[in-house]
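File shown: run-v4.pdb (PDB, C-alpha atoms).
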```pdb
ATOM      1  CA  MET A   1    -199.810 105.467 256.439
ATOM      2  CA  ALA A   2    -202.664 104.534 258.650
ATOM      3  CA  VAL A   3    -204.000 102.338 255.882
ATOM      4  CA  LYS A   4    -200.610 100.763 255.503
ATOM      5  CA  ASP A   5    -200.310 100.058 259.236
ATOM      6  CA  ARG A   6    -203.803  98.830 259.372
ATOM      7  CA  ASP A   7    -203.097  96.577 256.392
ATOM      8  CA  ARG A   8    -199.964  95.308 258.090
ATOM      9  CA  PHE A   9    -201.873  94.140 261.126
ATOM     10  CA  SER A  10    -204.830  92.780 259.262
ATOM     11  CA  THR A  11    -205.602  89.079 259.532
ATOM     12  CA  THR A  12    -205.340  88.431 255.828
ATOM     13  CA  THR A  13    -201.923  90.036 255.652
ATOM     14  CA  ARG A  14    -200.675  88.038 258.587
ATOM     15  CA  ILE A  15    -202.022  84.778 257.138
ATOM     16  CA  ARG A  16    -200.430  85.548 253.791
ATOM     17  CA  LEU A  17    -197.053  86.250 255.462
ATOM     18  CA  LEU A  18    -197.312  83.076 257.508
ATOM     19  CA  GLY A  19    -198.134  81.124 254.338
ATOM     20  CA  GLU A  20    -195.130  82.558 252.512
ATOM     21  CA  GLN A  21    -192.813  81.817 255.422
ATOM     22  CA  THR A  22    -194.155  78.282 255.730
ATOM     23  CA  ALA A  23    -193.787  77.740 252.007
ATOM     24  CA  ALA A  24    -190.197  78.960 252.168
ATOM     25  CA  ARG A  25    -189.435  76.576 255.051
ATOM     26  CA  VAL A  26    -191.063  73.646 253.275
ATOM     27  CA  TYR A  27    -189.135  74.383 250.091
ATOM     28  CA  ARG A  28    -185.854  74.572 252.027
ATOM     29  CA  SER A  29    -186.534  71.318 253.909
ATOM     30  CA  GLN A  30    -187.454  69.542 250.667
ATOM     31  CA  THR A  31    -184.233  70.576 248.985
ATOM     32  CA  LYS A  32    -182.264  69.455 252.067
ATOM     33  CA  ARG A  33    -184.107  66.140 252.090
ATOM     34  CA  GLN A  34    -183.440  65.597 248.406
ATOM     35  CA  ALA A  35    -179.761  66.362 248.932
ATOM     36  CA  ARG A  36    -179.696  64.006 251.921
ATOM     37  CA  ARG A  37    -181.447  61.216 250.029
ATOM     38  CA  SER A  38    -178.745  61.149 247.403
ATOM     39  CA  ARG A  39    -176.126  60.512 250.076
ATOM     40  CA  LEU A  40    -175.588  57.147 251.768
ATOM     41  CA  THR A  41    -177.676  57.005 254.900
ATOM     42  CA  GLY A  42    -177.062  54.908 257.980
ATOM     43  CA  ARG A  43    -179.942  52.609 257.110
ATOM     44  CA  ALA A  44    -178.633  52.041 253.610
ATOM     45  CA  ALA A  45    -175.148  51.313 254.939
ATOM     46  CA  LEU A  46    -176.571  48.844 257.447
ATOM     47  CA  LEU A  47    -178.632  47.173 254.743
ATOM     48  CA  ALA A  48    -175.577  46.915 252.475
ATOM     49  CA  LEU A  49    -173.586  45.433 255.372
ATOM     50  CA  VAL A  50    -176.299  42.850 256.076
ATOM     51  CA  VAL A  51    -176.547  41.878 252.397
ATOM     52  CA  CYS A  52    -172.761  41.536 252.102
ATOM     53  CA  SER A  53    -172.630  39.414 255.259
ATOM     54  CA  LEU A  54    -175.362  37.147 253.903
ATOM     55  CA  ILE A  55    -173.510  36.744 250.614
ATOM     56  CA  VAL A  56    -170.268  35.902 252.390
ATOM     57  CA  ALA A  57    -172.044  33.550 254.791
ATOM     58  CA  LEU A  58    -173.844  31.703 251.990
ATOM     59  CA  ALA A  59    -170.949  31.549 249.490
ATOM     60  CA  TYR A  60    -169.172  28.548 251.029
ATOM     61  CA  PRO A  61    -172.317  26.433 251.589
ATOM     62  CA  MET A  62    -173.454  27.164 248.028
ATOM     63  CA  ARG A  63    -170.059  26.111 246.658
ATOM     64  CA  GLN A  64    -170.244  22.917 248.713
ATOM     65  CA  TYR A  65    -173.781  22.275 247.487
ATOM     66  CA  VAL A  66    -172.783  22.678 243.841
ATOM     67  CA  SER A  67    -169.707  20.464 244.204
ATOM     68  CA  GLN A  68    -171.709  17.780 246.016
ATOM     69  CA  ARG A  69    -174.386  17.845 243.320
ATOM     70  CA  ALA A  70    -171.666  17.352 240.704
ATOM     71  CA  GLU A  71    -170.203  14.481 242.723
ATOM     72  CA  ILE A  72    -173.641  12.883 243.070
ATOM     73  CA  ALA A  73    -174.175  13.124 239.319
ATOM     74  CA  ASP A  74    -170.768  11.536 238.709
ATOM     75  CA  LEU A  75    -171.515   8.695 241.129
ATOM     76  CA  GLN A  76    -174.885   8.088 239.483
ATOM     77  CA  ARG A  77    -173.177   7.891 236.100
ATOM     78  CA  GLN A  78    -170.643   5.405 237.485
ATOM     79  CA  GLN A  79    -173.449   3.374 239.022
ATOM     80  CA  GLU A  80    -175.261   3.231 235.692
ATOM     81  CA  GLU A  81    -172.059   2.116 233.942
ATOM     82  CA  ALA A  82    -171.583  -0.595 236.590
ATOM     83  CA  ARG A  83    -175.162  -1.795 236.056
ATOM     84  CA  GLN A  84    -174.566  -2.020 232.322
ATOM     85  CA  ARG A  85    -171.329  -3.953 232.911
ATOM     86  CA  VAL A  86    -173.158  -6.359 235.248
ATOM     87  CA  GLU A  87    -175.800  -6.952 232.573
ATOM     88  CA  GLU A  88    -173.092  -7.627 229.969
ATOM     89  CA  LEU A  89    -171.380 -10.077 232.312
ATOM     90  CA  ARG A  90    -174.698 -11.838 233.033
ATOM     91  CA  ASP A  91    -175.289 -12.184 229.309
ATOM     92  CA  LEU A  92    -171.775 -13.575 228.844
ATOM     93  CA  LYS A  93    -172.267 -16.025 231.711
ATOM     94  CA  ALA A  94    -175.535 -17.182 230.197
ATOM     95  CA  ARG A  95    -173.802 -17.695 226.847
ATOM     96  CA  TRP A  96    -171.027 -19.733 228.470
ATOM     97  CA  GLN A  97    -173.686 -21.971 230.067
ATOM     98  CA  ASP A  98    -174.626 -23.061 226.547
ATOM     99  CA  ASP A  99    -172.468 -26.034 225.485
ATOM    100  CA  ALA A 100    -172.521 -25.077 221.807
ATOM    101  CA  TYR A 101    -171.129 -21.616 222.531
ATOM    102  CA  ALA A 102    -168.451 -23.016 224.848
ATOM    103  CA  GLU A 103    -167.403 -25.559 222.202
ATOM    104  CA  GLN A 104    -167.263 -22.866 219.527
ATOM    105  CA  GLU A 105    -165.081 -20.598 221.693
ATOM    106  CA  ILE A 106    -162.763 -23.450 222.651
ATOM    107  CA  ARG A 107    -162.266 -24.324 218.998
ATOM    108  CA  ARG A 108    -161.658 -20.711 218.033
ATOM    109  CA  ARG A 109    -159.345 -19.722 220.888
ATOM    110  CA  LEU A 110    -157.392 -22.921 221.489
ATOM    111  CA  HIS A 111    -157.494 -24.325 217.944
ATOM    112  CA  TYR A 112    -158.977 -27.624 219.110
ATOM    113  CA  VAL A 113    -160.461 -30.040 216.598
ATOM    114  CA  MET A 114    -162.859 -32.892 217.112
ATOM    115  CA  PRO A 115    -161.688 -36.463 216.563
ATOM    116  CA  GLY A 116    -161.743 -37.246 212.875
ATOM    117  CA  GLU A 117    -161.359 -33.621 211.784
ATOM    118  CA  THR A 118    -158.201 -32.216 210.240
ATOM    119  CA  GLY A 119    -156.874 -28.968 211.629
ATOM    120  CA  PHE A 120    -155.173 -26.435 209.395
ATOM    121  CA  VAL A 121    -153.077 -23.424 210.297
ATOM    122  CA  VAL A 122    -152.889 -20.788 207.582
ATOM    123  CA  VAL A 123    -149.664 -18.821 207.507
ATOM    124  CA  ASP A 124    -149.601 -15.418 205.894
ATOM    125  CA  PRO A 125    -148.160 -15.967 202.419
ATOM    126  CA  GLY A 126    -146.540 -12.527 202.330
ATOM    127  CA  PRO A 127    -142.804 -12.390 202.968
ATOM    128  CA  VAL A 128    -141.855 -11.766 206.537
ATOM    129  CA  LYS A 129    -139.787  -8.608 206.752
ATOM    130  CA  ARG A 130    -137.023  -8.841 209.287
ATOM    131  CA  SER A 131    -135.284  -5.782 210.537
ATOM    132  CA  ARG A 132    -131.523  -5.515 210.570
ATOM    133  CA  THR A 133    -131.424  -5.891 214.319
ATOM    134  CA  ASP A 134    -133.437  -9.121 214.151
ATOM    135  CA  THR A 135    -131.125 -10.695 211.558
ATOM    136  CA  ARG A 136    -128.058  -9.624 213.474
ATOM    137  CA  ALA A 137    -129.503 -10.955 216.724
ATOM    138  CA  ALA A 138    -130.397 -14.289 215.125
ATOM    139  CA  ASP A 139    -126.838 -14.878 213.941
ATOM    140  CA  ARG A 140    -125.288 -14.363 217.385
ATOM    141  CA  PRO A 141    -125.336 -16.679 220.407
ATOM    142  CA  TRP A 142    -128.152 -16.226 222.927
ATOM    143  CA  TYR A 143    -125.974 -14.964 225.772
ATOM    144  CA  ALA A 144    -124.722 -12.078 223.613
ATOM    145  CA  ASN A 145    -128.349 -11.045 223.004
ATOM    146  CA  VAL A 146    -129.090 -11.186 226.738
ATOM    147  CA  TRP A 147    -126.051  -9.041 227.512
ATOM    148  CA  ASP A 148    -127.105  -6.468 224.864
ATOM    149  CA  GLY A 149    -130.554  -6.341 226.467
ATOM    150  CA  VAL A 150    -128.991  -5.610 229.843
ATOM    151  CA  ASP A 151    -126.845  -2.855 228.324
ATOM    152  CA  LYS A 152    -129.848  -1.275 226.611
ATOM    153  CA  ALA A 153    -131.875  -1.335 229.828
ATOM    154  CA  ASP A 154    -128.995   0.280 231.700
ATOM    155  CA  ALA A 155    -128.665   2.976 229.047
ATOM    156  CA  ALA A 156    -132.402   3.696 229.220
ATOM    157  CA  ASP A 157    -132.119   4.557 232.921
ATOM    158  CA  ARG A 158    -129.601   7.278 232.182
TER     159      ARG A 158
END
```

Would you mind writing the structure in this file as structure tokens?
Amino acid sequence: MAVKDRDRFSTTTRIRLLGEQTAARVYRSQTKRQARRSRLTGRAALLALVVCSLIVALAYPMRQYVSQRAEIADLQRQQEEARQRVEELRDLKARWQDDAYAEQEIRRRLHYVMPGETGFVVVDPGPVKRSRTDTRAADRPWYANVWDGVDKADAADR
């Protein structure tokens, strides 16, 4: 028993017991820390709150930015189309400054002929198909046709 008591109070025994107790405490604190880490901490909640606030704060300006970029692209496209139209109109104006082109267009559009020339008008040789309403309208006096037009317009409103 004396050896046992002496062993119990020996330095090596006390150091070993202290080491075991410390190891047990460290093991318990590590398991508590691991359990705590899996839960949501105050810092993580604050970080999530800050990130959510930033997202909400930046959502509207980003939407405005994207819509304005789309509007700018649309306006640039319209500007390019206007430039092309201006170029076409300049080309047309330059063509109309030429007397030969103007004469050609006048002859084509207004059917003018120069003195000494003979003008011809070609009528389509195919038979002209008249609808029943056209033949009926042609056989009646003009005021009856006008009155029918008024009646049809009145019926269309209903």

Open item on the list: I'd like the interatomic distance between CA of Ala94 in chain A and CA of Ile106 in chain A, to a tenth of an Å.
Closed with: 16.1 Å

- [ ] Between CA of Glu87 in chain A and CA of Glu71 in chain A, measure the distance and give it in Å to one decimal.
- [x]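 CA of Glu87 in chain A sits 24.4 Å away from CA of Glu71 in chain A.
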
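When CA of Ala102 in chain A is paired with CA of Met114 in chain A, their separation reads 13.7 Å.
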